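Enquirer: The following block contains the structure, expressed as structure tokens.
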Amino acid sequence: MGKASLEGAEVEGDLSDGDDLMLAWRAGREEAFCEIVRQYGPPIMGFLRRMLRDPNRAEDAWSETFLRLARAKDKYVPEGHFRAYLYSVARRCGLDQHRAHRRFGMLVNRLVERAVPSLEPSSPAANLLASERVQAIRQALQKLPEDHRTTILLSYQAGLPSDEVGRVMGLTAQQVRNRLAYGRRLLGELLDDPWEDD
């Protein structure tokens with residue numbers, strides 16, 4: 001095995017898979033994490049941008065990828081497949097972003113469909129009404145009390161299940177479901193469109 005430089009220090013082994021960097025980081029060398037991000041960050045970002053086709057969601061998934069890597073630092077088992085491991089983490093983060101975006105889009109679409117009269121779906125009038133409705137929904141979300149807005153965003157935009165939203169907010173899963181129901185009802189009132197739960 002050869003030696004590679006790590007900001008003026010030497011690390012034993014081949015750094016091509018990142019295993020040695022993970023071990024150095026675990027041993028307390030914080031600069032090893034910086035090196036992981038320097039080496040692997042750009043290709044992971046490129047992968048996520050192509051996967052999600054949205055630079056903002058790609059940045060969110062990229063950040064989550066390295067956050068999850070940080071959480072797994074002490075559990076990571078070096079087997080010579082670091083790059084594959086990191087890409088699998090990035091892929092899961094990208095899928096989570098995709099699901100969250102789709103779920104939030106479904107909420108918005110549901111509100112838009114109920115409010116926009118039956119017009120030809122691709123007609124200019126329908127498109128204008130739909131874009132106005134999306135803007136109205138965004139404004140109504142901002143008017144909700146912070147705890148209800150956050151519950152709705154964590155559930156519909158971030159795609160977290162009720163138990164995880166509860167961990168974030170210090171609530172039980174049932175309290176989260178209650179806040180979601182109340183928040184949706186408030187949102188319906190603000191939009192002059194009473195919400196009917198399915």
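Just remember, in the structure tokens the first chain shown is A, the second B, etc., residues are 1-based per chain, and ligands are 1-based in the order shown.
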Could you produce a table of the residues of region 22-65 of chain A lying within 12 Å of region 149-161 of chain A, with the nearest pair of atoms per residue and their separation in Å rounded to one decimal, using only C-alpha atoms, ordered by chain and increasing residue number, as a tab-separated table?

Expert:
residue	atom	partner	partner_atom	distance
A:Arg57	CA	A:Ala158	CA	10.8
A:Asp60	CA	A:Ala158	CA	10.5
A:Ala61	CA	A:Ala158	CA	11.2
A:Glu64	CA	A:Ala158	CA	11.8

Enquirer: Write out as a VMD selection string each polymer residue whose atoms come within 9 Å of Met51 (chain A), counting only C-alpha atoms; drop sequence neighbours fewer than 4 positions from it.

Expert: chain A and resid 46 to 47 58 91 94 to 95

Enquirer: Need to verify the contact set: Ala140 (chain A), 8 Å, only C-alpha atoms, exclusion of same-chain residues closer than 5 positions in sequence. Can you return it as a PyMOL selection string?

Expert: chain A and resi 187+190-191

Enquirer: Restrict the selected residues to C-alpha atoms and save them as a PDB file, in the first residue's frame.

Expert:
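After the write, result.pdb holds the following:
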ATOM      1  CA  LEU A 187     -55.300  26.050   5.299  1.00  0.00           C
ATOM      2  CA  LEU A 190     -57.546  30.567   4.540  1.00  0.00           C
ATOM      3  CA  LEU A 191     -58.124  29.430   0.974  1.00  0.00           C
TER       4      LEU A 191
END

Enquirer: Calculated over only C-alpha atoms, which of the candidates A:Arg29, A:Arg184, A:Arg167, A:Arg83 has the smallest distance to Pro145 (chain A)?

Expert: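 Smallest separation from Pro145 (chain A) among the options: A:Arg184.
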
Enquirer: Could you give me, as a PyMOL selection string, the residues within 10 Å of Ser162 (chain A), counting only C-alpha atoms and dropping anything in the same chain fewer than 6 positions from it?

Expert: chain A and resi 151+154-155+168+171-177+180

Enquirer: Atoms to include: C-alpha atoms. Write the selected residues as a compact mmCIF listing (two decimals), in the first residue's frame.

Expert:
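Below is the file that was written, again19.txt:
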# COMPACT_ATOMS: atom_id res chain seq x y z
CA THR A 151 -45.87 20.02 10.75
CA LEU A 154 -42.22 18.22 7.43
CA SER A 155 -44.96 15.80 6.52
CA VAL A 168 -38.38 16.56 15.27
CA LEU A 171 -44.68 15.32 19.83
CA THR A 172 -46.30 11.90 19.71
CA ALA A 173 -47.34 10.52 16.33
CA GLN A 174 -50.99 11.07 17.30
CA GLN A 175 -50.30 14.71 18.19
CA VAL A 176 -48.66 15.12 14.78
CA ARG A 177 -51.72 13.65 13.04
CA LEU A 180 -51.88 17.94 10.45

Enquirer: Excluding Ala70 (chain A) and residues on its chain fewer than 2 positions from it, collect all residues at most 12 Å away from it, counting only C-alpha atoms, and give them as a PDB file with N, CA and C atoms, in the first residue's frame.

Expert:
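The file below, result05.pdb, is the result:
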ATOM      1  N   MET A  22     -12.002   7.449   5.998  1.00  0.00           N
ATOM      2  CA  MET A  22     -13.010   7.201   7.031  1.00  0.00           C
ATOM      3  C   MET A  22     -12.352   6.776   8.340  1.00  0.00           C
ATOM      4  N   TRP A  25     -10.689   9.786   9.894  1.00  0.00           N
ATOM      5  CA  TRP A  25     -11.725  10.664  10.451  1.00  0.00           C
ATOM      6  C   TRP A  25     -12.241  10.096  11.764  1.00  0.00           C
ATOM      7  N   ARG A  26     -12.491   8.791  11.779  1.00  0.00           N
ATOM      8  CA  ARG A  26     -12.960   8.131  12.999  1.00  0.00           C
ATOM      9  C   ARG A  26     -11.935   8.276  14.122  1.00  0.00           C
ATOM     10  N   GLU A  30     -10.237  15.450  11.777  1.00  0.00           N
ATOM     11  CA  GLU A  30     -11.356  16.112  11.108  1.00  0.00           C
ATOM     12  C   GLU A  30     -11.038  16.489   9.663  1.00  0.00           C
ATOM     13  N   ALA A  32      -9.804  14.732   7.528  1.00  0.00           N
ATOM     14  CA  ALA A  32     -10.119  13.599   6.657  1.00  0.00           C
ATOM     15  C   ALA A  32     -11.524  13.754   6.074  1.00  0.00           C
ATOM     16  N   PHE A  33     -12.469  14.267   6.874  1.00  0.00           N
ATOM     17  CA  PHE A  33     -13.815  14.499   6.356  1.00  0.00           C
ATOM     18  C   PHE A  33     -13.781  15.553   5.258  1.00  0.00           C
ATOM     19  N   CYS A  34     -13.001  16.612   5.459  1.00  0.00           N
ATOM     20  CA  CYS A  34     -12.869  17.647   4.426  1.00  0.00           C
ATOM     21  C   CYS A  34     -12.337  17.048   3.130  1.00  0.00           C
ATOM     22  N   ILE A  36     -12.709  13.910   2.179  1.00  0.00           N
ATOM     23  CA  ILE A  36     -13.789  13.089   1.593  1.00  0.00           C
ATOM     24  C   ILE A  36     -14.711  13.985   0.773  1.00  0.00           C
ATOM     25  N   VAL A  37     -15.107  15.118   1.349  1.00  0.00           N
ATOM     26  CA  VAL A  37     -16.007  16.037   0.646  1.00  0.00           C
ATOM     27  C   VAL A  37     -15.314  16.598  -0.596  1.00  0.00           C
ATOM     28  N   SER A  63     -26.375  17.551   0.738  1.00  0.00           N
ATOM     29  CA  SER A  63     -26.128  17.855   2.153  1.00  0.00           C
ATOM     30  C   SER A  63     -26.553  16.685   3.031  1.00  0.00           C
ATOM     31  N   GLU A  64     -27.708  16.119   2.728  1.00  0.00           N
ATOM     32  CA  GLU A  64     -28.204  14.983   3.514  1.00  0.00           C
ATOM     33  C   GLU A  64     -27.282  13.776   3.372  1.00  0.00           C
ATOM     34  N   THR A  65     -26.700  13.587   2.187  1.00  0.00           N
ATOM     35  CA  THR A  65     -25.770  12.481   1.968  1.00  0.00           C
ATOM     36  C   THR A  65     -24.595  12.573   2.934  1.00  0.00           C
ATOM     37  N   PHE A  66     -23.983  13.748   3.018  1.00  0.00           N
ATOM     38  CA  PHE A  66     -22.808  13.887   3.878  1.00  0.00           C
ATOM     39  C   PHE A  66     -23.191  13.956   5.358  1.00  0.00           C
ATOM     40  N   LEU A  67     -24.396  14.387   5.648  1.00  0.00           N
ATOM     41  CA  LEU A  67     -24.882  14.339   7.026  1.00  0.00           C
ATOM     42  C   LEU A  67     -25.055  12.884   7.457  1.00  0.00           C
ATOM     43  N   ARG A  68     -25.632  12.075   6.595  1.00  0.00           N
ATOM     44  CA  ARG A  68     -25.794  10.652   6.911  1.00  0.00           C
ATOM     45  C   ARG A  68     -24.440   9.961   7.028  1.00  0.00           C
ATOM     46  N   ALA A  72     -22.886   7.971  10.272  1.00  0.00           N
ATOM     47  CA  ALA A  72     -22.446   6.578  10.149  1.00  0.00           C
ATOM     48  C   ALA A  72     -20.951   6.405  10.384  1.00  0.00           C
ATOM     49  N   LYS A  73     -20.254   7.483  10.697  1.00  0.00           N
ATOM     50  CA  LYS A  73     -18.789   7.435  10.822  1.00  0.00           C
ATOM     51  C   LYS A  73     -18.313   6.285  11.709  1.00  0.00           C
ATOM     52  N   ASP A  74     -18.900   6.124  12.869  1.00  0.00           N
ATOM     53  CA  ASP A  74     -18.441   5.103  13.803  1.00  0.00           C
ATOM     54  C   ASP A  74     -18.933   3.704  13.466  1.00  0.00           C
ATOM     55  N   LYS A  75     -19.919   3.598  12.587  1.00  0.00           N
ATOM     56  CA  LYS A  75     -20.462   2.290  12.215  1.00  0.00           C
ATOM     57  C   LYS A  75     -19.893   1.775  10.894  1.00  0.00           C
ATOM     58  N   TYR A  76     -19.272   2.656  10.124  1.00  0.00           N
ATOM     59  CA  TYR A  76     -18.801   2.271   8.794  1.00  0.00           C
ATOM     60  C   TYR A  76     -17.747   1.169   8.895  1.00  0.00           C
ATOM     61  N   LEU A  86     -20.984   5.319  -0.694  1.00  0.00           N
ATOM     62  CA  LEU A  86     -21.387   6.721  -0.700  1.00  0.00           C
ATOM     63  C   LEU A  86     -22.440   6.996  -1.778  1.00  0.00           C
ATOM     64  N   VAL A  89     -25.787   5.807  -0.527  1.00  0.00           N
ATOM     65  CA  VAL A  89     -26.353   6.775   0.412  1.00  0.00           C
ATOM     66  C   VAL A  89     -26.942   7.947  -0.376  1.00  0.00           C
TER      67      VAL A  89
END

Enquirer: Separation of CA of Asp20 (chain A) and CA of Met45 (chain A), in Å?

Expert: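 Going from CA of Asp20 (chain A) over to CA of Met45 (chain A) covers 22.1 Å.
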
Enquirer: Looking at only C-alpha atoms, which of A:Asp19, A:Ala27, A:Glu35, A:Glu146 is the one that sits closest to Ala84 (chain A)?

Expert: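 Ranking A:Asp19, A:Ala27, A:Glu35, A:Glu146 by distance to Ala84 (chain A), first place goes to A:Asp19.
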
Enquirer: What does the structure give for the distance between CA of Cys93 (chain A) and CA of Pro55 (chain A), in Å to one decimal?

Expert: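 Between these atoms lies a distance of 14.0 Å.
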
Enquirer: From a DSSP pass on the backbone, collect the residues of region 8-66 of chain A flagged as helix (DSSP H, G or I) and hand them back as an MDAnalysis selection string.

Expert: chainID A and resid 19:26 31:52 55:66
